[in-house]
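Undergrad: Before anything else, here's the structure in question.
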Amino acid sequence: AQSVTQPDIHITVSEGASLELRCNYSYGATPYLFWYVQSPGQGLQLLLKYFSGDTLVQGIKGFEAEFKRSQSSFNLRKPSVHWSDAAEYFCAVNGGNKLVFGAGTILRVKS
Amino acid sequence: DAGVIQSPRHEVTEMGQEVTLRCKPISGHDYLFWYRQTMMRGLELLIYFNNNVPIDDSGMPEDRFSAKMPNASFSTLKIQPSEPRDSAVYFCASSSDRGNQPQHFGDGTRLSIL
């Protein structure tokens with residue numbers, strides 16, 4: 001069965017600093033991978049997705065993620081974080097059955 | 001375009017009462033998903049529908065939970081009788097494909113059972 005691990009429960013970065021959120025997945029074939037963001041009191045908003053092809057995918061709000069098959073990873077990155085990026089971020093994998101979410105990483109941005 | 005619409009946004013009720021949560025998916029989407037989010041268990045898929053038919057309800061916690069989709073534009077999740085441990089945020093999501101297209105989420109219903 002597919003699974004997703006987000007090893008960092010909380011991350012704090014300074015505004016303007018770079019960001020990398022880690023995600024590791026378990027699935028036998030090439031998965032469909034997603035990153036979602038959830039602001040307090042809101043639903044989940046899609047940041048980006050990977051299906052196939054170029055392993056570096058661009059998303060909204062200046063985010064990007066890189067699929068690395070050899071490491072079973074799909075890490076999310078942003079070169080310069082803004083205070084409005086403070087939220088919870090979820091990585092998800094869909095292997096053709098159900099969308100399985102990681103536990104989430106809460107991002108705090110300090111000024 | 002309107003997104004996924006859920007109602008109510010907040011519900012507070014006493015233990016033992018019936019609770020009905022409502023969802024209107026995005027027009028044209030033929031998959032609808034119900035999730036529950038708690039601090040302890042994170043996001044859990046409860047049930048999903050394809051073309052109004054329940055496909056997988058293995059995530060429904062107990063017989064007290066039931067879900068229906070009478071037409072392509074409306075779904076309900078019902079809890080009867082409700083218990084304090086049902087307190088959570090319930091999300092509805094829809095997509096045009098089970099796996100290849102992303103799911104679009106509503107803003108959720110925050111349910112508190114006293």
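Following the order of the structure tokens, first chain is A, next is B, and so on, with residues numbered from 1 inside each chain and ligands from 1 in the order they appear.
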From a backbone DSSP assignment, name each residue in segment 1-108 of chain A labelled strand (DSSP E), as number ranges by chain.
TA: A: 3-5, 10-14, 19-21, 24-26, 32-38, 44-50, 56-58, 64-68, 73-78, 87-94, 99-101, 105-108
Undergrad: If you count only C-alpha atoms, which residues fall within 9 Å of Lys49 of chain A, apart from same-chain ones fewer than 4 positions away, as an MDAnalysis selection string?
TA: (chainID A and resid 32:35 57:59 65) or (chainID B and resid 101:102)
Undergrad: For Ala72 of chain B, work out the shell of residues within 12 Å, counting only C-alpha atoms and skipping chain neighbours fewer than 3 positions away, then give it as an mmCIF file with C-alpha atoms, in the first residue's frame.
TA:
data_model
loop_
_atom_site.group_PDB
_atom_site.id
_atom_site.type_symbol
_atom_site.label_atom_id
_atom_site.label_comp_id
_atom_site.auth_asym_id
_atom_site.auth_seq_id
_atom_site.Cartn_x
_atom_site.Cartn_y
_atom_site.Cartn_z
ATOM 1 C CA CYS B 23 -21.462 19.199 -0.112
ATOM 2 C CA LYS B 24 -21.868 20.591 -3.607
ATOM 3 C CA PRO B 25 -19.024 19.468 -5.878
ATOM 4 C CA ILE B 26 -17.604 21.397 -8.793
ATOM 5 C CA SER B 27 -19.829 21.068 -11.811
ATOM 6 C CA GLY B 28 -18.553 18.411 -14.192
ATOM 7 C CA HIS B 29 -16.543 16.545 -11.602
ATOM 8 C CA ASP B 30 -17.611 12.932 -11.371
ATOM 9 C CA TYR B 31 -15.611 11.947 -8.271
ATOM 10 C CA LEU B 32 -16.558 13.114 -4.799
ATOM 11 C CA PHE B 49 -18.249 8.285 -5.048
ATOM 12 C CA ASN B 50 -17.939 7.989 -8.784
ATOM 13 C CA ASN B 51 -20.906 9.093 -10.874
ATOM 14 C CA ASN B 52 -23.018 9.222 -7.697
ATOM 15 C CA VAL B 53 -22.218 5.608 -6.780
ATOM 16 C CA LYS B 68 -25.350 9.582 0.040
ATOM 17 C CA MET B 69 -25.090 11.224 -3.315
ATOM 18 C CA SER B 75 -23.864 14.814 -1.322
ATOM 19 C CA THR B 76 -24.511 14.382 2.382
ATOM 20 C CA SER B 94 -14.171 16.602 -5.961
#
Undergrad: Would you tabulate, counting only C-alpha atoms, all residues of chain B that have an atom at most 10 Å from an atom of chain A, showing the closest pair of atoms and their distance in Å to one decimal, sorted by chain then ascending number, as a Markdown table?
TA:
| residue | atom | partner | partner_atom | distance |
| --- | --- | --- | --- | --- |
| B:Val4 | CA | A:Gly43 | CA | 9.7 |
| B:Arg9 | CA | A:Gly41 | CA | 9.5 |
| B:Phe33 | CA | A:Lys98 | CA | 9.9 |
| B:Met39 | CA | A:Ala103 | CA | 9.4 |
| B:Met40 | CA | A:Ala103 | CA | 9.7 |
| B:Arg41 | CA | A:Ala103 | CA | 8.2 |
| B:Gly42 | CA | A:Ala103 | CA | 5.8 |
| B:Leu43 | CA | A:Phe101 | CA | 6.7 |
| B:Glu44 | CA | A:Phe101 | CA | 8.2 |
| B:Leu45 | CA | A:Leu99 | CA | 8.0 |
| B:Ile47 | CA | A:Lys98 | CA | 10.0 |
| B:Tyr48 | CA | A:Lys98 | CA | 9.1 |
| B:Asp56 | CA | A:Lys98 | CA | 9.3 |
| B:Val89 | CA | A:Gly41 | CA | 9.3 |
| B:Tyr90 | CA | A:Gly43 | CA | 9.7 |
| B:Phe91 | CA | A:Gly43 | CA | 7.2 |
| B:Cys92 | CA | A:Gly43 | CA | 9.0 |
| B:Ala93 | CA | A:Gly43 | CA | 9.2 |
| B:Asp97 | CA | A:Gly96 | CA | 9.9 |
| B:Arg98 | CA | A:Gly96 | CA | 7.1 |
| B:Gly99 | CA | A:Gly96 | CA | 5.3 |
| B:Asn100 | CA | A:Tyr32 | CA | 6.9 |
| B:Gln101 | CA | A:Lys49 | CA | 8.8 |
| B:Pro102 | CA | A:Leu46 | CA | 7.4 |
| B:Gln103 | CA | A:Leu46 | CA | 8.0 |
| B:His104 | CA | A:Gln45 | CA | 7.2 |
| B:Phe105 | CA | A:Gly43 | CA | 5.6 |
| B:Gly106 | CA | A:Gly43 | CA | 5.5 |
| B:Asp107 | CA | A:Gly43 | CA | 4.1 |
| B:Gly108 | CA | A:Gly43 | CA | 6.0 |
| B:Thr109 | CA | A:Gly41 | CA | 9.4 |
| B:Arg110 | CA | A:Gly41 | CA | 8.7 |
Undergrad: Could you check which of A:Ser111, A:Ser80, A:Asn75, A:Thr30 is closest to Ala17 of chain A, using only C-alpha atoms?
TA: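 With only C-alpha atoms as the atom set, the closest residue is A:Ser80.
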Undergrad: Near Ala86 of chain A, within 12 Å and counting only C-alpha atoms, which residues show up once chain neighbours fewer than 2 positions away are dropped, as a ChimeraX atom specification?
TA: /A:10-15,19,37-40,81-84,88-89,105-111
Undergrad: So which one's closest to Ser95 of chain B, B:Leu46, B:Ser58, B:Gly3, B:Pro81? Using only C-alpha atoms, please.
TA: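 Once distances to Ser95 of chain B are computed over only C-alpha atoms, the minimum belongs to B:Gly3.
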Undergrad: Quote the spacing between atom CA of Ser112 of chain B and atom CA of Ala2 of chain B in Å to one decimal place.
TA: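 Separation between atom CA of Ser112 of chain B and atom CA of Ala2 of chain B: 27.0 Å.
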Undergrad: Write out as an MDAnalysis selection string the residues lying within 9 Å of Arg77 of chain A, counting only C-alpha atoms and excluding same-chain residues fewer than 5 positions away.
TA: chainID A and resid 18:22 62:66
Undergrad: Would you export the selected residues with C-alpha atoms as an mmCIF file, in the first residue's frame, please?
TA:
data_model
loop_
_atom_site.group_PDB
_atom_site.id
_atom_site.type_symbol
_atom_site.label_atom_id
_atom_site.label_comp_id
_atom_site.auth_asym_id
_atom_site.auth_seq_id
_atom_site.Cartn_x
_atom_site.Cartn_y
_atom_site.Cartn_z
ATOM 1 C CA SER A 18 14.899 29.571 1.279
ATOM 2 C CA LEU A 19 12.642 26.663 2.160
ATOM 3 C CA GLU A 20 12.676 22.936 1.595
ATOM 4 C CA LEU A 21 9.957 20.637 2.908
ATOM 5 C CA ARG A 22 10.684 16.955 2.738
ATOM 6 C CA GLY A 62 6.598 30.486 -6.458
ATOM 7 C CA PHE A 63 6.842 26.895 -5.218
ATOM 8 C CA GLU A 64 8.557 24.066 -7.039
ATOM 9 C CA ALA A 65 9.148 20.393 -6.293
ATOM 10 C CA GLU A 66 11.551 17.798 -7.594
#
